[in-house]
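Colleague: I'm passing along input13.csv; it holds CSV, C-alpha atoms.
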```csv
chain,number,residue,atom,x,y,z
A,1,MET,CA,29.8,-49.4,-71.6
A,2,PHE,CA,30.0,-47.3,-74.7
A,3,ARG,CA,32.2,-44.3,-73.9
A,4,PRO,CA,32.9,-42.5,-77.2
A,5,PHE,CA,34.8,-39.7,-75.4
A,6,VAL,CA,37.4,-41.8,-73.8
A,7,THR,CA,39.7,-43.3,-76.5
A,8,VAL,CA,42.6,-45.7,-76.2
A,9,GLY,CA,45.0,-42.8,-76.5
A,10,GLY,CA,43.2,-40.8,-73.8
A,11,VAL,CA,40.4,-38.3,-73.6
A,12,VAL,CA,39.5,-36.4,-76.8
A,13,SER,CA,40.2,-32.7,-76.8
A,14,GLU,CA,37.9,-30.3,-75.2
A,15,ALA,CA,37.3,-28.6,-78.6
A,16,GLN,CA,36.0,-31.8,-80.0
A,17,LEU,CA,33.8,-32.3,-77.0
A,18,VAL,CA,32.4,-28.8,-77.4
A,19,GLU,CA,31.8,-29.4,-81.1
A,20,ALA,CA,29.9,-32.6,-80.3
A,21,LEU,CA,27.8,-30.8,-77.7
A,22,ARG,CA,27.0,-28.0,-80.2
A,23,GLY,CA,26.0,-30.7,-82.7
A,24,GLY,CA,23.5,-32.1,-80.2
A,25,ASP,CA,25.5,-35.3,-79.3
A,26,GLU,CA,23.6,-36.8,-76.3
A,27,GLU,CA,26.5,-39.2,-75.4
A,28,ALA,CA,28.8,-36.2,-75.1
A,29,PHE,CA,26.4,-34.5,-72.8
A,30,ARG,CA,25.9,-37.6,-70.7
A,31,GLU,CA,29.7,-37.9,-70.2
A,32,LEU,CA,29.9,-34.3,-69.1
A,33,VAL,CA,27.0,-34.7,-66.7
A,34,ARG,CA,28.6,-37.9,-65.2
A,35,GLU,CA,31.9,-36.2,-64.8
A,36,TYR,CA,30.7,-32.9,-63.2
A,37,GLN,CA,27.2,-33.2,-61.7
A,38,PRO,CA,28.2,-34.5,-58.2
A,39,SER,CA,30.9,-31.8,-57.9
A,40,LEU,CA,28.5,-29.1,-59.1
A,41,VAL,CA,26.1,-30.0,-56.4
A,42,ARG,CA,28.8,-30.0,-53.8
A,43,VAL,CA,30.1,-26.6,-54.8
A,44,ALA,CA,26.6,-25.2,-55.0
A,45,ARG,CA,26.1,-26.2,-51.3
A,46,ILE,CA,28.6,-23.4,-50.5
A,47,TYR,CA,26.0,-20.9,-51.5
A,48,VAL,CA,22.6,-22.5,-50.8
A,49,PRO,CA,21.4,-24.1,-47.6
A,50,THR,CA,19.9,-27.4,-48.7
A,51,GLN,CA,20.8,-30.3,-50.9
A,52,ALA,CA,17.6,-29.8,-52.9
A,53,ALA,CA,18.4,-26.2,-53.6
A,54,ALA,CA,21.9,-27.2,-54.7
A,55,GLU,CA,20.5,-29.8,-57.1
A,56,ASP,CA,18.3,-27.1,-58.6
A,57,VAL,CA,21.3,-24.8,-59.0
A,58,ALA,CA,23.2,-27.6,-60.8
A,59,ALA,CA,20.2,-28.3,-63.1
A,60,GLU,CA,20.0,-24.6,-63.9
A,61,THR,CA,23.7,-24.5,-64.5
A,62,TRP,CA,23.4,-27.2,-67.2
A,63,LEU,CA,20.7,-25.1,-68.9
A,64,GLY,CA,23.1,-22.2,-68.8
A,65,VAL,CA,25.9,-24.3,-70.2
A,66,LEU,CA,23.7,-25.4,-73.2
A,67,LYS,CA,22.5,-21.8,-73.8
A,68,GLY,CA,26.0,-20.5,-73.6
A,69,LEU,CA,27.8,-23.1,-75.7
A,70,ASP,CA,27.8,-21.0,-78.8
A,71,ARG,CA,29.5,-18.3,-76.9
A,72,PHE,CA,32.2,-20.5,-75.3
A,73,GLU,CA,35.5,-19.5,-76.8
A,74,GLY,CA,37.8,-21.7,-75.0
A,75,ARG,CA,39.6,-18.9,-73.2
A,76,SER,CA,39.2,-20.8,-70.0
A,77,SER,CA,38.9,-24.6,-69.7
A,78,LEU,CA,35.4,-25.9,-70.2
A,79,ARG,CA,35.5,-27.0,-66.6
A,80,THR,CA,36.3,-23.6,-65.2
A,81,TRP,CA,33.6,-22.1,-67.5
A,82,ILE,CA,31.0,-24.5,-66.2
A,83,PHE,CA,31.8,-23.8,-62.6
A,84,ARG,CA,31.8,-20.0,-63.2
A,85,ILE,CA,28.2,-20.4,-64.5
A,86,LEU,CA,27.3,-22.4,-61.4
A,87,THR,CA,28.8,-19.8,-59.1
A,88,ASN,CA,26.9,-17.0,-60.7
A,89,ILE,CA,23.6,-18.8,-60.6
A,90,ALA,CA,24.1,-19.9,-57.0
A,91,LYS,CA,25.0,-16.3,-55.9
A,92,THR,CA,22.0,-14.9,-57.7
A,93,ARG,CA,19.7,-17.4,-56.1
A,94,ALA,CA,21.1,-16.7,-52.6
A,95,VAL,CA,20.3,-13.0,-53.1
A,96,ARG,CA,16.9,-13.8,-54.5
A,97,ASP,CA,16.1,-16.0,-51.5
A,98,GLY,CA,17.1,-13.1,-49.2
A,99,ARG,CA,20.1,-15.1,-47.9
A,100,THR,CA,22.9,-12.8,-47.0
A,101,LEU,CA,26.1,-14.5,-48.0
A,102,PRO,CA,28.8,-14.2,-45.5
A,103,PHE,CA,31.3,-11.4,-46.4
A,104,SER,CA,32.8,-14.0,-48.7
A,105,ALA,CA,31.6,-17.6,-48.6
A,106,LEU,CA,35.0,-18.7,-49.7
A,107,ASP,CA,37.1,-16.7,-47.2
A,108,PRO,CA,38.3,-19.1,-44.5
A,109,GLY,CA,38.2,-16.2,-42.1
A,110,ARG,CA,40.8,-14.9,-39.7
A,111,VAL,CA,39.7,-17.0,-36.8
A,112,PRO,CA,42.3,-19.8,-36.6
A,113,GLU,CA,41.2,-23.4,-36.4
A,114,ALA,CA,43.7,-25.7,-34.7
A,115,ALA,CA,44.6,-28.7,-36.8
A,116,VAL,CA,45.1,-30.6,-33.5
A,117,ASP,CA,43.4,-29.8,-30.2
A,118,ALA,CA,45.5,-27.6,-27.9
A,119,ASP,CA,45.2,-30.1,-25.1
A,120,ARG,CA,47.3,-32.6,-27.0
A,121,PHE,CA,50.3,-30.4,-26.5
A,122,LEU,CA,52.2,-29.2,-23.5
A,123,ASP,CA,51.8,-25.6,-22.4
A,124,PRO,CA,53.5,-23.1,-24.7
A,125,GLU,CA,55.2,-21.8,-21.5
A,126,HIS,CA,56.4,-25.2,-20.5
A,127,PRO,CA,60.0,-24.7,-19.1
A,128,ARG,CA,61.5,-27.6,-21.0
A,129,TRP,CA,59.2,-28.7,-23.9
A,130,PRO,CA,57.0,-25.8,-24.8
A,131,GLY,CA,54.3,-26.8,-27.4
A,132,HIS,CA,55.6,-30.4,-27.5
A,133,TRP,CA,53.2,-33.3,-27.8
A,134,ALA,CA,51.7,-34.2,-24.4
A,135,VAL,CA,50.2,-37.3,-26.0
A,136,SER,CA,52.1,-38.3,-29.2
A,137,PRO,CA,50.2,-39.7,-32.1
A,138,GLU,CA,50.7,-43.4,-32.6
A,139,ALA,CA,51.3,-45.1,-35.9
A,140,TRP,CA,48.2,-46.6,-37.6
A,141,PRO,CA,47.8,-50.2,-38.5
A,142,GLU,CA,48.0,-50.4,-42.3
A,143,ASP,CA,45.3,-53.1,-42.6
A,144,ALA,CA,42.7,-51.1,-40.6
A,145,LEU,CA,43.2,-48.1,-43.0
A,146,LEU,CA,42.1,-50.2,-45.9
A,147,ALA,CA,39.0,-51.6,-44.3
A,148,ALA,CA,35.6,-50.7,-45.7
A,149,GLU,CA,34.5,-49.3,-42.3
A,150,THR,CA,37.4,-46.9,-42.3
A,151,ARG,CA,36.2,-45.5,-45.6
A,152,GLU,CA,32.8,-44.9,-44.1
A,153,VAL,CA,34.4,-43.0,-41.2
A,154,ILE,CA,36.1,-40.8,-43.7
A,155,ALA,CA,33.0,-40.3,-45.8
A,156,GLU,CA,31.2,-39.2,-42.6
A,157,ALA,CA,34.0,-36.9,-41.6
A,158,ILE,CA,33.8,-35.2,-45.1
A,159,GLU,CA,30.0,-34.8,-44.8
A,160,ALA,CA,30.4,-33.1,-41.4
A,161,LEU,CA,32.7,-30.4,-42.8
A,162,PRO,CA,31.6,-26.9,-43.6
A,163,ALA,CA,30.5,-26.7,-47.3
A,164,THR,CA,33.5,-24.9,-48.5
A,165,GLN,CA,36.0,-27.2,-46.9
A,166,ARG,CA,34.0,-30.2,-48.1
A,167,ALA,CA,34.1,-28.9,-51.7
A,168,VAL,CA,37.8,-28.3,-51.6
A,169,ILE,CA,38.8,-31.6,-50.1
A,170,SER,CA,36.4,-33.6,-52.3
A,171,LEU,CA,37.8,-32.0,-55.5
A,172,ARG,CA,41.4,-32.1,-54.5
A,173,ASP,CA,41.8,-35.4,-52.6
A,174,VAL,CA,38.9,-37.5,-53.7
A,175,GLU,CA,38.6,-36.5,-57.3
A,176,GLY,CA,42.2,-35.7,-57.7
A,177,TRP,CA,42.0,-32.2,-59.2
A,178,SER,CA,45.1,-30.1,-59.1
A,179,SER,CA,45.3,-27.1,-56.8
A,180,GLU,CA,45.1,-24.8,-59.9
A,181,GLU,CA,41.9,-26.5,-61.2
A,182,VAL,CA,40.2,-26.1,-57.8
A,183,ARG,CA,41.3,-22.5,-57.5
A,184,ASN,CA,39.9,-21.7,-60.9
A,185,ALA,CA,36.6,-23.6,-60.5
A,186,LEU,CA,35.9,-22.0,-57.1
A,187,ASP,CA,37.6,-18.7,-57.7
A,188,LEU,CA,39.8,-19.1,-54.7
A,189,SER,CA,43.1,-17.5,-53.9
A,190,GLU,CA,46.1,-19.9,-53.6
A,191,THR,CA,46.4,-19.2,-49.9
A,192,ASN,CA,42.7,-19.6,-49.1
A,193,GLN,CA,42.6,-22.9,-51.1
A,194,ARG,CA,45.5,-24.2,-49.0
A,195,VAL,CA,44.0,-23.0,-45.7
A,196,LEU,CA,40.6,-24.7,-46.5
A,197,LEU,CA,42.4,-27.9,-47.6
A,198,HIS,CA,44.5,-27.9,-44.4
A,199,ARG,CA,41.5,-27.5,-42.2
A,200,ALA,CA,39.6,-30.2,-44.0
A,201,ARG,CA,42.5,-32.7,-44.1
A,202,SER,CA,43.3,-32.1,-40.4
A,203,LYS,CA,39.7,-32.8,-39.4
A,204,VAL,CA,39.6,-36.0,-41.5
A,205,ARG,CA,42.9,-37.1,-39.9
A,206,ALA,CA,41.5,-36.4,-36.4
A,207,ALA,CA,38.3,-38.4,-37.2
A,208,LEU,CA,40.5,-41.3,-38.4
A,209,GLU,CA,42.7,-41.2,-35.4
A,210,SER,CA,39.8,-41.3,-32.9
A,211,TYR,CA,38.2,-44.1,-34.8
A,212,LEU,CA,41.3,-46.2,-35.1
A,213,GLN,CA,42.1,-45.7,-31.4
A,214,GLU,CA,38.7,-46.8,-30.3
A,215,ASN,CA,38.9,-49.8,-32.4
A,216,ALA,CA,42.5,-50.7,-31.7
B,1,MET,CA,74.8,-28.3,-38.9
B,2,THR,CA,72.7,-25.2,-39.1
B,3,VAL,CA,71.5,-23.8,-35.9
B,4,TYR,CA,68.1,-22.2,-36.2
B,5,ALA,CA,67.3,-19.1,-34.2
B,6,GLU,CA,64.0,-20.6,-33.2
B,7,GLN,CA,63.0,-24.2,-33.4
B,8,LEU,CA,59.4,-25.1,-34.4
B,9,SER,CA,57.3,-26.5,-31.6
B,10,CYS,CA,55.2,-29.6,-32.4
B,11,GLN,CA,52.1,-27.4,-32.1
B,12,GLU,CA,53.4,-25.1,-34.7
B,13,LEU,CA,54.5,-27.9,-37.0
B,14,VAL,CA,51.1,-29.5,-37.4
B,15,GLU,CA,49.8,-26.2,-38.8
B,16,LEU,CA,52.5,-26.3,-41.5
B,17,VAL,CA,52.0,-29.8,-42.8
B,18,THR,CA,49.7,-28.9,-45.7
B,19,ASP,CA,52.0,-26.0,-46.7
B,20,TYR,CA,54.9,-28.5,-46.6
B,21,LEU,CA,53.2,-31.2,-48.6
B,22,GLU,CA,52.0,-28.6,-51.2
B,23,GLY,CA,55.5,-27.2,-51.6
B,24,ALA,CA,54.4,-23.8,-50.3
B,25,LEU,CA,57.1,-23.3,-47.7
B,26,SER,CA,60.2,-21.3,-48.3
B,27,GLU,CA,63.4,-23.1,-48.4
B,28,GLU,CA,64.3,-21.9,-45.0
B,29,GLU,CA,60.9,-22.9,-43.6
B,30,ALA,CA,61.1,-26.3,-45.2
B,31,ALA,CA,64.5,-26.8,-43.7
B,32,ARG,CA,63.2,-25.9,-40.3
B,33,PHE,CA,60.2,-28.3,-40.8
B,34,GLU,CA,62.5,-31.2,-41.8
B,35,SER,CA,65.0,-30.5,-39.0
B,36,HIS,CA,62.1,-30.9,-36.5
B,37,ILE,CA,60.8,-34.0,-38.2
B,38,GLY,CA,64.2,-35.5,-38.1
B,39,THR,CA,64.3,-35.5,-34.3
B,40,CYS,CA,60.7,-35.8,-33.3
B,41,THR,CA,59.0,-39.2,-33.5
B,42,GLY,CA,55.5,-37.8,-32.7
B,43,CYS,CA,55.7,-35.3,-35.6
B,44,ARG,CA,57.1,-37.9,-37.9
B,45,VAL,CA,54.1,-40.2,-37.1
B,46,TYR,CA,51.7,-37.2,-37.5
B,47,LEU,CA,53.1,-36.3,-41.0
B,48,GLU,CA,52.8,-40.0,-42.0
B,49,GLN,CA,49.2,-40.0,-40.8
B,50,MET,CA,48.4,-36.9,-42.9
B,51,ARG,CA,50.0,-38.6,-45.9
B,52,GLN,CA,47.9,-41.8,-45.2
B,53,THR,CA,44.8,-39.7,-44.9
B,54,ILE,CA,45.4,-38.3,-48.3
B,55,VAL,CA,46.0,-41.7,-49.8
B,56,VAL,CA,42.8,-43.1,-48.3
B,57,LEU,CA,40.8,-40.1,-49.4
B,58,GLY,CA,42.0,-40.8,-53.0
B,59,ALA,CA,40.8,-44.3,-52.7
B,60,LEU,CA,37.2,-43.3,-51.9
B,61,THR,CA,34.7,-44.0,-54.6
B,62,VAL,CA,33.9,-40.8,-56.5
B,63,GLU,CA,30.3,-40.0,-56.0
B,64,SER,CA,28.2,-40.6,-59.1
B,65,VAL,CA,25.2,-38.8,-60.5
B,66,THR,CA,21.8,-40.3,-59.5
B,67,PRO,CA,19.9,-42.0,-62.3
B,68,GLU,CA,17.0,-39.6,-61.7
B,69,ALA,CA,19.2,-36.5,-62.1
B,70,GLU,CA,20.8,-38.0,-65.2
B,71,THR,CA,17.5,-38.8,-66.8
B,72,GLY,CA,16.2,-35.3,-66.0
B,73,LEU,CA,19.2,-33.6,-67.4
B,74,LEU,CA,19.2,-35.7,-70.6
B,75,GLU,CA,15.5,-34.7,-71.1
B,76,ALA,CA,16.5,-31.1,-70.7
B,77,PHE,CA,19.3,-31.7,-73.3
B,78,ARG,CA,16.8,-33.1,-75.8
B,79,GLY,CA,14.5,-30.2,-75.2
B,80,TRP,CA,17.4,-27.8,-75.9
B,81,ARG,CA,18.4,-29.7,-79.0
B,82,SER,CA,14.9,-29.6,-80.5
B,83,ALA,CA,14.3,-26.0,-79.6
```
Re-express the file's structure as structure tokens.

Modeller:
Amino acid sequence: MFRPFVTVGGVVSEAQLVEALRGGDEEAFRELVREYQPSLVRVARIYVPTQAAAEDVAAETWLGVLKGLDRFEGRSSLRTWIFRILTNIAKTRAVRDGRTLPFSALDPGRVPEAAVDADRFLDPEHPRWPGHWAVSPEAWPEDALLAAETREVIAEAIEALPATQRAVISLRDVEGWSSEEVRNALDLSETNQRVLLHRARSKVRAALESYLQENA
Amino acid sequence: MTVYAEQLSCQELVELVTDYLEGALSEEEAARFESHIGTCTGCRVYLEQMRQTIVVLGALTVESVTPEAETGLLEAFRGWRSA
């Protein structure tokens, strides 16, 4: 495949990419779309209720990116800038559709979510072993972890997550973004990003555990 | 050996795993975490499972853009370019 923006020495600079886009280089735009479109749709789902609406928001975002290119000064990364445009469009749309956003769609809230069901532990008042495992986790067989079916279980577990947790775990763990990149793109505090990541990872682990146990 | 005023319970430890892996615990908290892990098989397995979960997540295929979406966006690009 012809990939002009990935060279032997690595990816070309962002400034070069922006220049190419301004110059109307279609390959540059295609590269950018391939890199960010799925993530844009996933993040848009935090704000809008359906996949179709999220795809609309992403499409509108690209138009906003093209219109704003001349104003892009490189003060933030191109990625952060694109995701800020997305967030603004998604929020505007939520308001227009009369959807009241929760106080903050990105706030994990104060209601704690247990990483592991409380019934897996002994009572916190247990005289000898308070809060100790009642049923200890068992080591997973390595080969089962690598099976295609296991990957499907994980993909389903991700889909079942609330949109914000899904966005965070997808960007961090599936796409490999750094915590800072995710915080900037989603405009999240460090703590909230970590809480969301923790909840998401804990649920995926639990789904894996129950699948691997059933199929042991 | 340091004696900690209060030992972590397993139920408390599982809530700290992401903070631990992200390097967000204070030195003292991290020491408490590691001291628990050192003596508790269940929690050692749990931590390993979280690490394995992250590895398997990283091995998932990154979702790609649908051909229809890509075509539509490229058309929009051409429209913008010729405007």

Colleague: With a cut-off of 10 Å, could you pull out the residues of chain B touching chain A and give me the nearest pair of atoms for each, distance in Å to one decimal, using all atoms listed in the file, ordered by chain and ascending number, as JSON lines?

Modeller:
```
{"residue": "B:Leu8", "atom": "CA", "partner": "A:Gly131", "partner_atom": "CA", "distance": 8.8}
{"residue": "B:Ser9", "atom": "CA", "partner": "A:Gly131", "partner_atom": "CA", "distance": 5.2}
{"residue": "B:Cys10", "atom": "CA", "partner": "A:His132", "partner_atom": "CA", "distance": 5.0}
{"residue": "B:Gln11", "atom": "CA", "partner": "A:Gly131", "partner_atom": "CA", "distance": 5.2}
{"residue": "B:Glu12", "atom": "CA", "partner": "A:Gly131", "partner_atom": "CA", "distance": 7.5}
{"residue": "B:Leu13", "atom": "CA", "partner": "A:Gly131", "partner_atom": "CA", "distance": 9.7}
{"residue": "B:Val14", "atom": "CA", "partner": "A:Ala115", "partner_atom": "CA", "distance": 6.6}
{"residue": "B:Glu15", "atom": "CA", "partner": "A:Ala115", "partner_atom": "CA", "distance": 6.1}
{"residue": "B:Leu16", "atom": "CA", "partner": "A:His198", "partner_atom": "CA", "distance": 8.7}
{"residue": "B:Val17", "atom": "CA", "partner": "A:His198", "partner_atom": "CA", "distance": 7.9}
{"residue": "B:Thr18", "atom": "CA", "partner": "A:His198", "partner_atom": "CA", "distance": 5.5}
{"residue": "B:Asp19", "atom": "CA", "partner": "A:Arg194", "partner_atom": "CA", "distance": 7.1}
{"residue": "B:Glu22", "atom": "CA", "partner": "A:Arg194", "partner_atom": "CA", "distance": 8.2}
{"residue": "B:Ala24", "atom": "CA", "partner": "A:Arg194", "partner_atom": "CA", "distance": 9.0}
{"residue": "B:Cys40", "atom": "CA", "partner": "A:His132", "partner_atom": "CA", "distance": 9.4}
{"residue": "B:Thr41", "atom": "CA", "partner": "A:Ser136", "partner_atom": "CA", "distance": 8.2}
{"residue": "B:Gly42", "atom": "CA", "partner": "A:Ser136", "partner_atom": "CA", "distance": 4.9}
{"residue": "B:Cys43", "atom": "CA", "partner": "A:Pro137", "partner_atom": "CA", "distance": 7.9}
{"residue": "B:Arg44", "atom": "CA", "partner": "A:Pro137", "partner_atom": "CA", "distance": 9.2}
{"residue": "B:Val45", "atom": "CA", "partner": "A:Ala139", "partner_atom": "CA", "distance": 5.8}
{"residue": "B:Tyr46", "atom": "CA", "partner": "A:Pro137", "partner_atom": "CA", "distance": 6.1}
{"residue": "B:Leu47", "atom": "CA", "partner": "A:Pro137", "partner_atom": "CA", "distance": 10.0}
{"residue": "B:Glu48", "atom": "CA", "partner": "A:Ala139", "partner_atom": "CA", "distance": 8.1}
{"residue": "B:Gln49", "atom": "CA", "partner": "A:Arg205", "partner_atom": "CA", "distance": 7.0}
{"residue": "B:Met50", "atom": "CA", "partner": "A:Arg205", "partner_atom": "CA", "distance": 6.3}
{"residue": "B:Arg51", "atom": "CA", "partner": "A:Arg205", "partner_atom": "CA", "distance": 9.4}
{"residue": "B:Gln52", "atom": "CA", "partner": "A:Leu145", "partner_atom": "CA", "distance": 8.2}
{"residue": "B:Thr53", "atom": "CA", "partner": "A:Arg205", "partner_atom": "CA", "distance": 5.9}
{"residue": "B:Ile54", "atom": "CA", "partner": "A:Asp173", "partner_atom": "CA", "distance": 6.3}
{"residue": "B:Val55", "atom": "CA", "partner": "A:Asp173", "partner_atom": "CA", "distance": 8.1}
{"residue": "B:Val56", "atom": "CA", "partner": "A:Leu145", "partner_atom": "CA", "distance": 7.3}
{"residue": "B:Leu57", "atom": "CA", "partner": "A:Val174", "partner_atom": "CA", "distance": 5.4}
{"residue": "B:Gly58", "atom": "CA", "partner": "A:Val174", "partner_atom": "CA", "distance": 4.6}
{"residue": "B:Ala59", "atom": "CA", "partner": "A:Val174", "partner_atom": "CA", "distance": 7.1}
{"residue": "B:Leu60", "atom": "CA", "partner": "A:Val174", "partner_atom": "CA", "distance": 6.3}
{"residue": "B:Thr61", "atom": "CA", "partner": "A:Val174", "partner_atom": "CA", "distance": 7.8}
{"residue": "B:Val62", "atom": "CA", "partner": "A:Glu175", "partner_atom": "CA", "distance": 6.4}
{"residue": "B:Glu63", "atom": "CA", "partner": "A:Pro38", "partner_atom": "CA", "distance": 6.3}
{"residue": "B:Ser64", "atom": "CA", "partner": "A:Pro38", "partner_atom": "CA", "distance": 6.2}
{"residue": "B:Val65", "atom": "CA", "partner": "A:Pro38", "partner_atom": "CA", "distance": 5.7}
{"residue": "B:Thr66", "atom": "CA", "partner": "A:Pro38", "partner_atom": "CA", "distance": 8.7}
{"residue": "B:Ala69", "atom": "CA", "partner": "A:Ala59", "partner_atom": "CA", "distance": 8.3}
{"residue": "B:Glu70", "atom": "CA", "partner": "A:Val33", "partner_atom": "CA", "distance": 7.2}
{"residue": "B:Thr71", "atom": "CA", "partner": "A:Arg30", "partner_atom": "CA", "distance": 9.3}
{"residue": "B:Gly72", "atom": "CA", "partner": "A:Ala59", "partner_atom": "CA", "distance": 8.6}
{"residue": "B:Leu73", "atom": "CA", "partner": "A:Ala59", "partner_atom": "CA", "distance": 6.9}
{"residue": "B:Leu74", "atom": "CA", "partner": "A:Arg30", "partner_atom": "CA", "distance": 7.0}
{"residue": "B:Glu75", "atom": "CA", "partner": "A:Glu26", "partner_atom": "CA", "distance": 9.9}
{"residue": "B:Ala76", "atom": "CA", "partner": "A:Leu63", "partner_atom": "CA", "distance": 7.5}
{"residue": "B:Phe77", "atom": "CA", "partner": "A:Glu26", "partner_atom": "CA", "distance": 7.3}
{"residue": "B:Arg78", "atom": "CA", "partner": "A:Glu26", "partner_atom": "CA", "distance": 7.8}
{"residue": "B:Trp80", "atom": "CA", "partner": "A:Leu66", "partner_atom": "CA", "distance": 7.3}
{"residue": "B:Arg81", "atom": "CA", "partner": "A:Gly24", "partner_atom": "CA", "distance": 5.8}
{"residue": "B:Ser82", "atom": "CA", "partner": "A:Gly24", "partner_atom": "CA", "distance": 9.0}
```

Colleague: For C-alpha atoms, I'd like the residues from the last selection saved as a PDB file, in the coordinates of the input.

Modeller:
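Generated output (again-v3.pdb):
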```
ATOM      1  CA  LEU B   8      59.400 -25.100 -34.400  1.00  0.00           C
ATOM      2  CA  SER B   9      57.300 -26.500 -31.600  1.00  0.00           C
ATOM      3  CA  CYS B  10      55.200 -29.600 -32.400  1.00  0.00           C
ATOM      4  CA  GLN B  11      52.100 -27.400 -32.100  1.00  0.00           C
ATOM      5  CA  GLU B  12      53.400 -25.100 -34.700  1.00  0.00           C
ATOM      6  CA  LEU B  13      54.500 -27.900 -37.000  1.00  0.00           C
ATOM      7  CA  VAL B  14      51.100 -29.500 -37.400  1.00  0.00           C
ATOM      8  CA  GLU B  15      49.800 -26.200 -38.800  1.00  0.00           C
ATOM      9  CA  LEU B  16      52.500 -26.300 -41.500  1.00  0.00           C
ATOM     10  CA  VAL B  17      52.000 -29.800 -42.800  1.00  0.00           C
ATOM     11  CA  THR B  18      49.700 -28.900 -45.700  1.00  0.00           C
ATOM     12  CA  ASP B  19      52.000 -26.000 -46.700  1.00  0.00           C
ATOM     13  CA  GLU B  22      52.000 -28.600 -51.200  1.00  0.00           C
ATOM     14  CA  ALA B  24      54.400 -23.800 -50.300  1.00  0.00           C
ATOM     15  CA  CYS B  40      60.700 -35.800 -33.300  1.00  0.00           C
ATOM     16  CA  THR B  41      59.000 -39.200 -33.500  1.00  0.00           C
ATOM     17  CA  GLY B  42      55.500 -37.800 -32.700  1.00  0.00           C
ATOM     18  CA  CYS B  43      55.700 -35.300 -35.600  1.00  0.00           C
ATOM     19  CA  ARG B  44      57.100 -37.900 -37.900  1.00  0.00           C
ATOM     20  CA  VAL B  45      54.100 -40.200 -37.100  1.00  0.00           C
ATOM     21  CA  TYR B  46      51.700 -37.200 -37.500  1.00  0.00           C
ATOM     22  CA  LEU B  47      53.100 -36.300 -41.000  1.00  0.00           C
ATOM     23  CA  GLU B  48      52.800 -40.000 -42.000  1.00  0.00           C
ATOM     24  CA  GLN B  49      49.200 -40.000 -40.800  1.00  0.00           C
ATOM     25  CA  MET B  50      48.400 -36.900 -42.900  1.00  0.00           C
ATOM     26  CA  ARG B  51      50.000 -38.600 -45.900  1.00  0.00           C
ATOM     27  CA  GLN B  52      47.900 -41.800 -45.200  1.00  0.00           C
ATOM     28  CA  THR B  53      44.800 -39.700 -44.900  1.00  0.00           C
ATOM     29  CA  ILE B  54      45.400 -38.300 -48.300  1.00  0.00           C
ATOM     30  CA  VAL B  55      46.000 -41.700 -49.800  1.00  0.00           C
ATOM     31  CA  VAL B  56      42.800 -43.100 -48.300  1.00  0.00           C
ATOM     32  CA  LEU B  57      40.800 -40.100 -49.400  1.00  0.00           C
ATOM     33  CA  GLY B  58      42.000 -40.800 -53.000  1.00  0.00           C
ATOM     34  CA  ALA B  59      40.800 -44.300 -52.700  1.00  0.00           C
ATOM     35  CA  LEU B  60      37.200 -43.300 -51.900  1.00  0.00           C
ATOM     36  CA  THR B  61      34.700 -44.000 -54.600  1.00  0.00           C
ATOM     37  CA  VAL B  62      33.900 -40.800 -56.500  1.00  0.00           C
ATOM     38  CA  GLU B  63      30.300 -40.000 -56.000  1.00  0.00           C
ATOM     39  CA  SER B  64      28.200 -40.600 -59.100  1.00  0.00           C
ATOM     40  CA  VAL B  65      25.200 -38.800 -60.500  1.00  0.00           C
ATOM     41  CA  THR B  66      21.800 -40.300 -59.500  1.00  0.00           C
ATOM     42  CA  ALA B  69      19.200 -36.500 -62.100  1.00  0.00           C
ATOM     43  CA  GLU B  70      20.800 -38.000 -65.200  1.00  0.00           C
ATOM     44  CA  THR B  71      17.500 -38.800 -66.800  1.00  0.00           C
ATOM     45  CA  GLY B  72      16.200 -35.300 -66.000  1.00  0.00           C
ATOM     46  CA  LEU B  73      19.200 -33.600 -67.400  1.00  0.00           C
ATOM     47  CA  LEU B  74      19.200 -35.700 -70.600  1.00  0.00           C
ATOM     48  CA  GLU B  75      15.500 -34.700 -71.100  1.00  0.00           C
ATOM     49  CA  ALA B  76      16.500 -31.100 -70.700  1.00  0.00           C
ATOM     50  CA  PHE B  77      19.300 -31.700 -73.300  1.00  0.00           C
ATOM     51  CA  ARG B  78      16.800 -33.100 -75.800  1.00  0.00           C
ATOM     52  CA  TRP B  80      17.400 -27.800 -75.900  1.00  0.00           C
ATOM     53  CA  ARG B  81      18.400 -29.700 -79.000  1.00  0.00           C
ATOM     54  CA  SER B  82      14.900 -29.600 -80.500  1.00  0.00           C
TER      55      SER B  82
END
```

Colleague: Could you work out how far CA of Ser210 in chain A lies from CA of Ala157 in chain A, giving the answer in Å with one decimal?

Modeller: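 Result for CA of Ala157 in chain A versus CA of Ser210 in chain A: 11.3 Å, one decimal.
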
Colleague: Expressed in Å to a single decimal, how great is the separation between CA of Ile85 in chain A and CA of Thr61 in chain A?

Modeller: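 Calculated distance between CA of Ile85 in chain A and CA of Thr61 in chain A is 6.1 Å.
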
Colleague: Residues near Val57 in chain A, anyone? I mean within 12 Å using only C-alpha atoms, not counting same-chain ones fewer than 5 positions away, as a ChimeraX atom specification.

Modeller: /A:37-52,62-64,83,85-94

Colleague: One decimal, in Å: what's the spacing between CA of Pro141 in chain A and CA of Gln165 in chain A?

Modeller: 27.2 Å

Colleague: Using only C-alpha atoms, pick whichever of B:Ser26, B:Gln7, B:Leu21, B:Glu68 has the shortest atom-to-atom distance to Thr39 in chain B.

Modeller: B:Gln7

Colleague: Take every atom of range 179-187 of chain A listed in the file, fit an axis-aligned box around them, add 5 Å per side, and give the centre and edge lengths in Å to one decimal as lines of an AutoDock Vina configuration file.

Modeller:
```
center_x = 40.6
center_y = -22.9
center_z = -59.0
size_x = 19.4
size_y = 18.4
size_z = 14.4
```

Colleague: Go through A:Lys203, A:Arg84, A:Arg183, A:His126 one by one, measure the shortest atom-to-atom distance of each to Leu161 in chain A using only C-alpha atoms, and give the residue with the smallest value.

Modeller: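 Of A:Lys203, A:Arg84, A:Arg183, A:His126, the one nearest Leu161 in chain A, counting only C-alpha atoms, is A:Lys203.
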